[in-house]
file model.pdb (PDB, C-alpha atoms)
MODEL        1
ATOM      1  CA  MET A   8      98.907 115.322 114.433  1.00  0.00           C
ATOM      2  CA  ALA A   9     100.942 112.103 114.814  1.00  0.00           C
ATOM      3  CA  ASP A  10      99.407 111.496 118.273  1.00  0.00           C
ATOM      4  CA  ALA A  11      95.876 111.878 116.874  1.00  0.00           C
ATOM      5  CA  ALA A  12      96.657 109.464 114.022  1.00  0.00           C
ATOM      6  CA  GLY A  13      98.173 106.984 116.479  1.00  0.00           C
ATOM      7  CA  ALA A  14      95.129 107.202 118.771  1.00  0.00           C
ATOM      8  CA  MET A  15      92.780 106.676 115.814  1.00  0.00           C
ATOM      9  CA  ARG A  16      94.794 103.643 114.674  1.00  0.00           C
ATOM     10  CA  ARG A  17      94.703 102.131 118.195  1.00  0.00           C
ATOM     11  CA  THR A  18      90.924 102.676 118.378  1.00  0.00           C
ATOM     12  CA  LEU A  19      90.403 101.128 114.943  1.00  0.00           C
ATOM     13  CA  THR A  20      92.684  98.182 115.787  1.00  0.00           C
ATOM     14  CA  ALA A  21      90.774  97.564 119.026  1.00  0.00           C
ATOM     15  CA  LEU A  22      87.449  97.735 117.181  1.00  0.00           C
ATOM     16  CA  THR A  23      88.479  95.242 114.501  1.00  0.00           C
ATOM     17  CA  ALA A  24      90.096  92.922 117.090  1.00  0.00           C
ATOM     18  CA  ARG A  25      86.878  92.902 119.141  1.00  0.00           C
ATOM     19  CA  LEU A  26      84.894  92.228 115.982  1.00  0.00           C
ATOM     20  CA  ALA A  27      87.171  89.308 115.052  1.00  0.00           C
ATOM     21  CA  ALA A  28      86.674  87.791 118.506  1.00  0.00           C
ATOM     22  CA  ASP A  29      82.876  88.046 118.213  1.00  0.00           C
ATOM     23  CA  SER A  30      82.562  86.865 114.609  1.00  0.00           C
ATOM     24  CA  ILE A  31      81.236  83.558 113.393  1.00  0.00           C
ATOM     25  CA  PRO A  32      84.082  81.884 111.499  1.00  0.00           C
ATOM     26  CA  GLY A  33      83.702  82.329 107.756  1.00  0.00           C
ATOM     27  CA  ALA A  34      80.748  84.767 107.834  1.00  0.00           C
ATOM     28  CA  VAL A  35      82.207  88.239 107.276  1.00  0.00           C
ATOM     29  CA  ILE A  36      85.531  89.456 108.601  1.00  0.00           C
ATOM     30  CA  LEU A  37      86.744  93.044 108.926  1.00  0.00           C
ATOM     31  CA  LYS A  38      90.400  93.800 109.616  1.00  0.00           C
ATOM     32  CA  GLU A  39      92.693  96.782 109.424  1.00  0.00           C
ATOM     33  CA  CYS A  40      95.626  96.090 107.101  1.00  0.00           C
ATOM     34  CA  ALA A  41      99.226  96.789 107.983  1.00  0.00           C
ATOM     35  CA  ILE A  42     100.592 100.146 106.878  1.00  0.00           C
ATOM     36  CA  THR A  43     101.140  99.933 103.129  1.00  0.00           C
ATOM     37  CA  GLY A  44     103.309 102.074 100.886  1.00  0.00           C
ATOM     38  CA  GLN A  45     101.188 104.140  98.493  1.00  0.00           C
ATOM     39  CA  LEU A  46     102.470 106.284  95.649  1.00  0.00           C
ATOM     40  CA  SER A  47     100.285 108.511  93.511  1.00  0.00           C
ATOM     41  CA  LEU A  48     101.499 108.639  89.925  1.00  0.00           C
ATOM     42  CA  ARG A  49     100.124 111.331  87.618  1.00  0.00           C
ATOM     43  CA  GLY A  50     101.033 111.721  83.970  1.00  0.00           C
ATOM     44  CA  ASN A  51     100.059 110.877  80.402  1.00  0.00           C
ATOM     45  CA  LEU A  52     100.191 107.505  78.637  1.00  0.00           C
ATOM     46  CA  GLU A  53     103.840 108.118  77.804  1.00  0.00           C
ATOM     47  CA  SER A  54     104.363 108.293  81.569  1.00  0.00           C
ATOM     48  CA  ALA A  55     102.619 104.944  81.914  1.00  0.00           C
ATOM     49  CA  ALA A  56     105.059 103.349  79.473  1.00  0.00           C
ATOM     50  CA  LEU A  57     108.014 104.885  81.338  1.00  0.00           C
ATOM     51  CA  ALA A  58     106.659 103.662  84.663  1.00  0.00           C
ATOM     52  CA  GLN A  59     106.224 100.153  83.298  1.00  0.00           C
ATOM     53  CA  ALA A  60     109.847 100.124  82.121  1.00  0.00           C
ATOM     54  CA  ALA A  61     111.051 101.532  85.459  1.00  0.00           C
ATOM     55  CA  ILE A  62     109.126  99.306  87.856  1.00  0.00           C
ATOM     56  CA  GLY A  63     108.361  96.223  85.788  1.00  0.00           C
ATOM     57  CA  CYS A  64     104.622  96.438  86.283  1.00  0.00           C
ATOM     58  CA  GLY A  65     102.263  97.509  83.560  1.00  0.00           C
ATOM     59  CA  LEU A  66      99.917 100.307  84.497  1.00  0.00           C
ATOM     60  CA  PRO A  67      96.323  99.534  83.585  1.00  0.00           C
ATOM     61  CA  SER A  68      94.977 101.661  80.742  1.00  0.00           C
ATOM     62  CA  GLU A  69      91.439 100.289  81.049  1.00  0.00           C
ATOM     63  CA  PRO A  70      89.306 102.208  83.567  1.00  0.00           C
ATOM     64  CA  ASN A  71      88.873 100.774  87.052  1.00  0.00           C
ATOM     65  CA  ARG A  72      91.355  97.937  86.665  1.00  0.00           C
ATOM     66  CA  VAL A  73      94.292  96.708  88.742  1.00  0.00           C
ATOM     67  CA  ALA A  74      97.631  95.388  87.456  1.00  0.00           C
ATOM     68  CA  ILE A  75      99.697  93.225  89.787  1.00  0.00           C
ATOM     69  CA  SER A  76     103.343  92.226  89.721  1.00  0.00           C
ATOM     70  CA  GLY A  77     104.509  90.365  92.817  1.00  0.00           C
ATOM     71  CA  ASP A  78     103.767  92.559  95.839  1.00  0.00           C
ATOM     72  CA  LEU A  79     103.190  95.680  93.714  1.00  0.00           C
ATOM     73  CA  ALA A  80      99.685  96.676  92.595  1.00  0.00           C
ATOM     74  CA  ALA A  81      98.773  99.530  90.248  1.00  0.00           C
ATOM     75  CA  LEU A  82      95.196 100.808  90.498  1.00  0.00           C
ATOM     76  CA  TRP A  83      93.685 102.903  87.693  1.00  0.00           C
ATOM     77  CA  LEU A  84      92.090 106.000  89.259  1.00  0.00           C
ATOM     78  CA  GLY A  85      91.716 108.223  86.200  1.00  0.00           C
ATOM     79  CA  PRO A  86      92.944 108.693  82.613  1.00  0.00           C
ATOM     80  CA  ASP A  87      96.238 110.069  83.925  1.00  0.00           C
ATOM     81  CA  GLU A  88      96.306 108.814  87.521  1.00  0.00           C
ATOM     82  CA  TRP A  89      97.342 105.556  89.170  1.00  0.00           C
ATOM     83  CA  LEU A  90      97.798 104.469  92.769  1.00  0.00           C
ATOM     84  CA  LEU A  91     100.773 102.175  93.315  1.00  0.00           C
ATOM     85  CA  THR A  92     100.715 100.051  96.473  1.00  0.00           C
ATOM     86  CA  MET A  93     103.586  98.018  97.847  1.00  0.00           C
ATOM     87  CA  PRO A  94     105.105  96.966 101.191  1.00  0.00           C
ATOM     88  CA  ILE A  95     106.113 100.138 103.022  1.00  0.00           C
ATOM     89  CA  GLU A  96     109.798  99.165 103.078  1.00  0.00           C
ATOM     90  CA  ARG A  97     109.867  99.124  99.240  1.00  0.00           C
ATOM     91  CA  LEU A  98     108.482 102.653  98.894  1.00  0.00           C
ATOM     92  CA  PRO A  99     111.715 104.727  99.084  1.00  0.00           C
ATOM     93  CA  ALA A 100     113.506 102.694  96.402  1.00  0.00           C
ATOM     94  CA  LEU A 101     110.453 102.611  94.126  1.00  0.00           C
ATOM     95  CA  ALA A 102     109.896 106.368  94.502  1.00  0.00           C
ATOM     96  CA  ALA A 103     113.553 107.018  93.657  1.00  0.00           C
ATOM     97  CA  THR A 104     113.372 104.735  90.596  1.00  0.00           C
ATOM     98  CA  LEU A 105     110.278 106.516  89.320  1.00  0.00           C
ATOM     99  CA  ALA A 106     111.750 109.968  90.022  1.00  0.00           C
ATOM    100  CA  ALA A 107     114.831 109.064  87.962  1.00  0.00           C
ATOM    101  CA  ALA A 108     112.683 107.643  85.126  1.00  0.00           C
ATOM    102  CA  PHE A 109     110.555 110.809  84.976  1.00  0.00           C
ATOM    103  CA  ALA A 110     113.335 113.373  85.399  1.00  0.00           C
ATOM    104  CA  GLY A 111     112.571 116.364  83.166  1.00  0.00           C
ATOM    105  CA  ARG A 112     109.141 115.053  82.154  1.00  0.00           C
ATOM    106  CA  ARG A 113     105.613 116.142  83.038  1.00  0.00           C
ATOM    107  CA  ALA A 114     104.671 113.658  85.725  1.00  0.00           C
ATOM    108  CA  ALA A 115     104.134 113.716  89.469  1.00  0.00           C
ATOM    109  CA  ILE A 116     105.092 111.039  91.975  1.00  0.00           C
ATOM    110  CA  THR A 117     103.759 111.640  95.473  1.00  0.00           C
ATOM    111  CA  ASP A 118     104.006 109.537  98.625  1.00  0.00           C
ATOM    112  CA  VAL A 119     100.399 109.282  99.854  1.00  0.00           C
ATOM    113  CA  SER A 120     100.932 106.415 102.327  1.00  0.00           C
ATOM    114  CA  ALA A 121      99.544 108.456 105.220  1.00  0.00           C
ATOM    115  CA  ALA A 122      96.504 109.604 103.214  1.00  0.00           C
ATOM    116  CA  ARG A 123      94.547 106.337 103.427  1.00  0.00           C
ATOM    117  CA  THR A 124      93.970 103.503 105.864  1.00  0.00           C
ATOM    118  CA  ILE A 125      93.219 100.149 104.252  1.00  0.00           C
ATOM    119  CA  LEU A 126      90.468  97.923 105.614  1.00  0.00           C
ATOM    120  CA  LEU A 127      90.017  94.308 104.537  1.00  0.00           C
ATOM    121  CA  LEU A 128      86.449  93.027 104.261  1.00  0.00           C
ATOM    122  CA  GLU A 129      86.140  89.355 103.391  1.00  0.00           C
ATOM    123  CA  GLY A 130      83.798  86.401 103.553  1.00  0.00           C
ATOM    124  CA  PRO A 131      80.804  84.967 101.697  1.00  0.00           C
ATOM    125  CA  LYS A 132      78.562  87.886 102.716  1.00  0.00           C
ATOM    126  CA  ALA A 133      81.081  90.700 102.203  1.00  0.00           C
ATOM    127  CA  ARG A 134      79.415  91.784  98.936  1.00  0.00           C
ATOM    128  CA  GLU A 135      76.012  92.019 100.660  1.00  0.00           C
ATOM    129  CA  VAL A 136      77.508  94.160 103.425  1.00  0.00           C
ATOM    130  CA  LEU A 137      78.946  96.597 100.870  1.00  0.00           C
ATOM    131  CA  MET A 138      75.682  96.737  98.912  1.00  0.00           C
ATOM    132  CA  LYS A 139      73.958  98.211 101.984  1.00  0.00           C
ATOM    133  CA  GLY A 140      75.803 101.502 101.523  1.00  0.00           C
ATOM    134  CA  CYS A 141      77.380 101.544  98.053  1.00  0.00           C
ATOM    135  CA  SER A 142      75.683 102.470  94.784  1.00  0.00           C
ATOM    136  CA  LEU A 143      78.077 100.472  92.562  1.00  0.00           C
ATOM    137  CA  ASP A 144      76.794  97.349  90.833  1.00  0.00           C
ATOM    138  CA  LEU A 145      78.867  94.779  92.734  1.00  0.00           C
ATOM    139  CA  HIS A 146      77.349  91.734  91.016  1.00  0.00           C
ATOM    140  CA  PRO A 147      80.184  89.299  90.144  1.00  0.00           C
ATOM    141  CA  ASP A 148      79.424  89.751  86.433  1.00  0.00           C
ATOM    142  CA  HIS A 149      80.254  93.470  86.697  1.00  0.00           C
ATOM    143  CA  PHE A 150      82.727  93.927  89.560  1.00  0.00           C
ATOM    144  CA  LYS A 151      85.235  91.136  90.026  1.00  0.00           C
ATOM    145  CA  PRO A 152      88.836  90.420  91.046  1.00  0.00           C
ATOM    146  CA  GLY A 153      91.151  92.866  89.326  1.00  0.00           C
ATOM    147  CA  HIS A 154      88.578  95.671  89.450  1.00  0.00           C
ATOM    148  CA  CYS A 155      88.735  98.870  91.492  1.00  0.00           C
ATOM    149  CA  ALA A 156      86.632 102.019  91.708  1.00  0.00           C
ATOM    150  CA  GLN A 157      86.408 105.317  93.519  1.00  0.00           C
ATOM    151  CA  THR A 158      82.992 105.483  95.132  1.00  0.00           C
ATOM    152  CA  ASN A 159      81.100 106.333  98.294  1.00  0.00           C
ATOM    153  CA  LEU A 160      80.299 103.833 101.019  1.00  0.00           C
ATOM    154  CA  ALA A 161      78.037 105.063 103.802  1.00  0.00           C
ATOM    155  CA  ARG A 162      78.634 108.626 102.547  1.00  0.00           C
ATOM    156  CA  THR A 163      82.394 108.163 102.878  1.00  0.00           C
ATOM    157  CA  HIS A 164      84.702 108.410  99.857  1.00  0.00           C
ATOM    158  CA  ILE A 165      86.685 105.206  99.353  1.00  0.00           C
ATOM    159  CA  ILE A 166      88.676 103.331  96.764  1.00  0.00           C
ATOM    160  CA  LEU A 167      87.229  99.835  96.529  1.00  0.00           C
ATOM    161  CA  ARG A 168      89.346  96.975  95.178  1.00  0.00           C
ATOM    162  CA  GLN A 169      88.177  93.378  94.840  1.00  0.00           C
ATOM    163  CA  LEU A 170      90.986  90.950  95.637  1.00  0.00           C
ATOM    164  CA  ASP A 171      89.467  87.535  94.919  1.00  0.00           C
ATOM    165  CA  PRO A 172      86.169  85.741  94.211  1.00  0.00           C
ATOM    166  CA  ALA A 173      85.609  84.778  97.886  1.00  0.00           C
ATOM    167  CA  PRO A 174      84.923  87.789  97.857  1.00  0.00           C
ATOM    168  CA  SER A 175      87.587  89.833  99.611  1.00  0.00           C
ATOM    169  CA  TYR A 176      87.914  93.605  99.263  1.00  0.00           C
ATOM    170  CA  HIS A 177      90.353  96.334 100.192  1.00  0.00           C
ATOM    171  CA  LEU A 178      88.681  99.592 101.210  1.00  0.00           C
ATOM    172  CA  TYR A 179      91.038 102.594 101.056  1.00  0.00           C
ATOM    173  CA  VAL A 180      89.652 105.335 103.306  1.00  0.00           C
ATOM    174  CA  ARG A 181      91.005 108.568 104.756  1.00  0.00           C
ATOM    175  CA  PRO A 182      92.223 107.987 108.334  1.00  0.00           C
ATOM    176  CA  SER A 183      89.852 110.606 109.751  1.00  0.00           C
ATOM    177  CA  TYR A 184      86.882 108.577 108.425  1.00  0.00           C
ATOM    178  CA  ALA A 185      88.255 105.089 109.120  1.00  0.00           C
ATOM    179  CA  GLU A 186      86.781 104.671 112.594  1.00  0.00           C
ATOM    180  CA  TYR A 187      83.353 105.869 111.417  1.00  0.00           C
ATOM    181  CA  LEU A 188      83.428 103.550 108.407  1.00  0.00           C
ATOM    182  CA  ALA A 189      84.577 100.569 110.489  1.00  0.00           C
ATOM    183  CA  SER A 190      81.734 101.216 112.954  1.00  0.00           C
ATOM    184  CA  TRP A 191      79.250 101.439 110.061  1.00  0.00           C
ATOM    185  CA  LEU A 192      80.569  98.159 108.637  1.00  0.00           C
ATOM    186  CA  VAL A 193      80.276  96.456 112.036  1.00  0.00           C
ATOM    187  CA  ASP A 194      76.624  97.516 112.182  1.00  0.00           C
ATOM    188  CA  ALA A 195      76.008  96.411 108.570  1.00  0.00           C
ATOM    189  CA  MET A 196      77.588  93.037 109.347  1.00  0.00           C
ATOM    190  CA  ALA A 197      75.436  92.346 112.406  1.00  0.00           C
ATOM    191  CA  GLU A 198      72.841  90.166 110.676  1.00  0.00           C
ATOM    192  CA  TYR A 199      75.568  87.892 109.314  1.00  0.00           C
ATOM    193  CA  ARG A 200      77.209  87.421 112.727  1.00  0.00           C
ATOM    194  CA  ILE A 201      74.242  86.096 114.709  1.00  0.00           C
ATOM    195  CA  ARG A 202      74.977  82.621 116.061  1.00  0.00           C
TER     196      ARG A 202
ENDMDL
END
call {"tool": "encode", "arguments": {"input": "model.pdb", "output": "structure tokens"}}
result
Amino acid sequence: MADAAGAMRRTLTALTARLAADSIPGAVILKECAITGQLSLRGNLESAALAQAAIGCGLPSEPNRVAISGDLAALWLGPDEWLLTMPIERLPALAATLAAAFAGRRAAITDVSAARTILLLEGPKAREVLMKGCSLDLHPDHFKPGHCAQTNLARTHIILRQLDPAPSYHLYVRPSYAEYLASWLVDAMAEYRIR
């Protein structure tokens, strides 16, 4: 299993590197992000208050929002579910802190770092590329920095997070679909890369 994941990552890295070499500067850029620590936190609103006290980052209570504190981001995925992302080296300590905070309570903390690859799509035409295969209303009045959503892109389930107004996006996708989605994005980007 580890060899298959490693081979997929090498293929995806080669694909995005080739794309970067062929791209017009500033048009649309696709990159694979470094491995990121990801913790799934499930629980009720009381759990959210405990988590905030334990990690120093408020968990968003409004649907499809992101809370950020330094290098930690908390994405709202459901009424009782958040995805916490952080540098991979911070994950063990953060997981231990949360486990201690929730001891004896009804909550679940699960390391899901291997469950999703993160792609970065950025540039002035990034929104247009996404609109080719996503049914969300991505107009800047409706989906903006600090927003996230679970959706489908090119028939692939993703978590979409807008990072800034440029626009730049993180696309969280299962590793087994990452190469397919990257290839689809390369094709969708073609018209914006013609010199």
call {"tool": "residues_near_point", "arguments": {"input": "model.pdb", "point": "(104.0, 103.7, 99.3)", "cutoff": "7 Å", "atoms": "only C-alpha atoms", "output": "MDAnalysis selection string"}}
result
chainID A and resid 43:46 91:93 95 98 118:120
call {"tool": "closest_atom_pairs", "arguments": {"input": "model.pdb", "of": "range 88-135 of chain A", "to": "range 186-194 of chain A", "cutoff": "10 Å", "atoms": "all atoms listed in the file", "output": "tab-separated table"}}
result
residue	atom	partner	partner_atom	distance
A:Thr124	CA	A:Glu186	CA	9.9
A:Leu126	CA	A:Ala189	CA	8.1
A:Leu128	CA	A:Leu192	CA	8.9
A:Ala133	CA	A:Leu192	CA	9.9
call {"tool": "resolve_selection", "arguments": {"input": "model.pdb", "expression": "the PyMOL selection byres ((chain A and resi 40) around 9)", "output": "PDB file with C-alpha atoms, keeping the file's coordinate frame"}}
result
ATOM      1  CA  LYS A  38      90.400  93.800 109.616  1.00  0.00           C
ATOM      2  CA  GLU A  39      92.693  96.782 109.424  1.00  0.00           C
ATOM      3  CA  ALA A  41      99.226  96.789 107.983  1.00  0.00           C
ATOM      4  CA  ILE A  42     100.592 100.146 106.878  1.00  0.00           C
ATOM      5  CA  THR A  43     101.140  99.933 103.129  1.00  0.00           C
ATOM      6  CA  THR A 124      93.970 103.503 105.864  1.00  0.00           C
ATOM      7  CA  ILE A 125      93.219 100.149 104.252  1.00  0.00           C
ATOM      8  CA  LEU A 126      90.468  97.923 105.614  1.00  0.00           C
ATOM      9  CA  LEU A 127      90.017  94.308 104.537  1.00  0.00           C
ATOM     10  CA  HIS A 177      90.353  96.334 100.192  1.00  0.00           C
TER      11      HIS A 177
END
call {"tool": "atom_distance", "arguments": {"input": "model.pdb", "atom1": "CA of Tyr176 in chain A", "atom2": "CA of Lys151 in chain A"}}
result
9.9 Å
call {"tool": "atom_distance", "arguments": {"input": "model.pdb", "atom1": "CA of Ile166 in chain A", "atom2": "CA of Glu53 in chain A"}}
result
24.7 Å
call {"tool": "closest_residue", "arguments": {"input": "model.pdb", "among": "A:Ala102, A:Leu178, A:Ala195, A:Ala108", "to": "Gln59 in chain A", "atoms": "all atoms listed in the file"}}
result
A:Ala108
call {"tool": "atom_distance", "arguments": {"input": "model.pdb", "atom1": "CA of Ala58 in chain A", "atom2": "CA of Leu79 in chain A"}}
result
12.6 Å
call {"tool": "closest_residue", "arguments": {"input": "model.pdb", "among": "A:Ala114, A:Ala80, A:Cys64, A:Ala121", "to": "Leu170 in chain A", "atoms": "all atoms listed in the file"}}
result
A:Ala80
call {"tool": "closest_residue", "arguments": {"input": "model.pdb", "among": "A:Tyr199, A:Arg181, A:Pro70, A:Ser47", "to": "Glu135 in chain A", "atoms": "all atoms listed in the file"}}
result
A:Tyr199
call {"tool": "residues_around", "arguments": {"input": "model.pdb", "residues": "Ala34 in chain A", "least_positions_apart": "6", "cutoff": "12 Å", "atoms": "all atoms listed in the file", "output": "list in words"}}
result
Leu26, Ala27, Leu128, Glu129, Gly130, Pro131, Lys132, Ala133, Arg134, Glu135, Val136, Ala173, Pro174, Ser175, Met196, Ala197, Glu198, Tyr199, Arg200, Ile201 and Arg202 of chain A
call {"tool": "closest_residue", "arguments": {"input": "model.pdb", "among": "A:Arg123, A:Arg113, A:Arg168, A:Lys139", "to": "Tyr184 in chain A", "atoms": "all atoms listed in the file"}}
result
A:Arg123
call {"tool": "resolve_selection", "arguments": {"input": "model.pdb", "expression": "the PyMOL selection byres ((chain A and resi 67) around 9)", "output": "MDAnalysis selection string"}}
result
chainID A and resid 55 65:66 68:74 81:83 89
call {"tool": "closest_residue", "arguments": {"input": "model.pdb", "among": "A:Pro182, A:Ala115, A:Ala110, A:His146", "to": "Gln169 in chain A", "atoms": "all atoms listed in the file"}}
result
A:His146
call {"tool": "resolve_selection", "arguments": {"input": "model.pdb", "expression": "the PyMOL selection byres ((chain A and resi 142) around 8)", "output": "PyMOL selection string"}}
result
chain A and resi 138+140-141+143-144+158-160
call {"tool": "axis_aligned_box", "arguments": {"input": "model.pdb", "around": "range 98-117 of chain A", "padding_each_side": "6 Å", "output": "lines of an AutoDock Vina configuration file"}}
result
center_x = 109.3
center_y = 109.5
center_z = 90.6
size_x = 23.1
size_y = 25.8
size_z = 28.9
call {"tool": "closest_residue", "arguments": {"input": "model.pdb", "among": "A:Leu84, A:Ala106, A:Ala56, A:Ala122", "to": "Leu167 in chain A", "atoms": "only C-alpha atoms"}}
result
A:Leu84
call {"tool": "build_atoms", "arguments": {"input": "model.pdb", "residues": "range 130-144 of chain A", "atoms": "N, CA and C atoms", "output": "PDB file, in the coordinates of the input"}}
result
ATOM      1  N   GLY A 130      84.732  87.431 103.145  1.00  0.00           N
ATOM      2  CA  GLY A 130      83.798  86.401 103.553  1.00  0.00           C
ATOM      3  C   GLY A 130      82.643  86.298 102.578  1.00  0.00           C
ATOM      4  N   PRO A 131      81.878  85.213 102.652  1.00  0.00           N
ATOM      5  CA  PRO A 131      80.804  84.967 101.697  1.00  0.00           C
ATOM      6  C   PRO A 131      79.751  86.073 101.623  1.00  0.00           C
ATOM      7  N   LYS A 132      79.580  86.829 102.706  1.00  0.00           N
ATOM      8  CA  LYS A 132      78.562  87.886 102.716  1.00  0.00           C
ATOM      9  C   LYS A 132      79.157  89.286 102.610  1.00  0.00           C
ATOM     10  N   ALA A 133      80.436  89.385 102.285  1.00  0.00           N
ATOM     11  CA  ALA A 133      81.081  90.700 102.203  1.00  0.00           C
ATOM     12  C   ALA A 133      80.419  91.581 101.148  1.00  0.00           C
ATOM     13  N   ARG A 134      80.069  91.006 100.004  1.00  0.00           N
ATOM     14  CA  ARG A 134      79.415  91.784  98.936  1.00  0.00           C
ATOM     15  C   ARG A 134      78.094  92.365  99.441  1.00  0.00           C
ATOM     16  N   GLU A 135      77.309  91.558 100.149  1.00  0.00           N
ATOM     17  CA  GLU A 135      76.012  92.019 100.660  1.00  0.00           C
ATOM     18  C   GLU A 135      76.186  93.155 101.661  1.00  0.00           C
ATOM     19  N   VAL A 136      77.237  93.081 102.474  1.00  0.00           N
ATOM     20  CA  VAL A 136      77.508  94.160 103.425  1.00  0.00           C
ATOM     21  C   VAL A 136      77.781  95.460 102.669  1.00  0.00           C
ATOM     22  N   LEU A 137      78.623  95.400 101.645  1.00  0.00           N
ATOM     23  CA  LEU A 137      78.946  96.597 100.870  1.00  0.00           C
ATOM     24  C   LEU A 137      77.716  97.155 100.158  1.00  0.00           C
ATOM     25  N   MET A 138      76.854  96.279  99.667  1.00  0.00           N
ATOM     26  CA  MET A 138      75.682  96.737  98.912  1.00  0.00           C
ATOM     27  C   MET A 138      74.709  97.529  99.779  1.00  0.00           C
ATOM     28  N   LYS A 139      74.828  97.440 101.095  1.00  0.00           N
ATOM     29  CA  LYS A 139      73.958  98.211 101.984  1.00  0.00           C
ATOM     30  C   LYS A 139      74.249  99.708 101.934  1.00  0.00           C
ATOM     31  N   GLY A 140      75.469 100.079 101.503  1.00  0.00           N
ATOM     32  CA  GLY A 140      75.803 101.502 101.523  1.00  0.00           C
ATOM     33  C   GLY A 140      76.558 101.990 100.311  1.00  0.00           C
ATOM     34  N   CYS A 141      76.609 101.186  99.241  1.00  0.00           N
ATOM     35  CA  CYS A 141      77.380 101.544  98.053  1.00  0.00           C
ATOM     36  C   CYS A 141      76.490 101.455  96.825  1.00  0.00           C
ATOM     37  N   SER A 142      76.555 102.450  95.958  1.00  0.00           N
ATOM     38  CA  SER A 142      75.683 102.470  94.784  1.00  0.00           C
ATOM     39  C   SER A 142      76.268 101.732  93.576  1.00  0.00           C
ATOM     40  N   LEU A 143      77.493 101.229  93.675  1.00  0.00           N
ATOM     41  CA  LEU A 143      78.077 100.472  92.562  1.00  0.00           C
ATOM     42  C   LEU A 143      77.330  99.159  92.357  1.00  0.00           C
ATOM     43  N   ASP A 144      77.309  98.680  91.128  1.00  0.00           N
ATOM     44  CA  ASP A 144      76.794  97.349  90.833  1.00  0.00           C
ATOM     45  C   ASP A 144      77.916  96.363  91.151  1.00  0.00           C
TER      46      ASP A 144
END
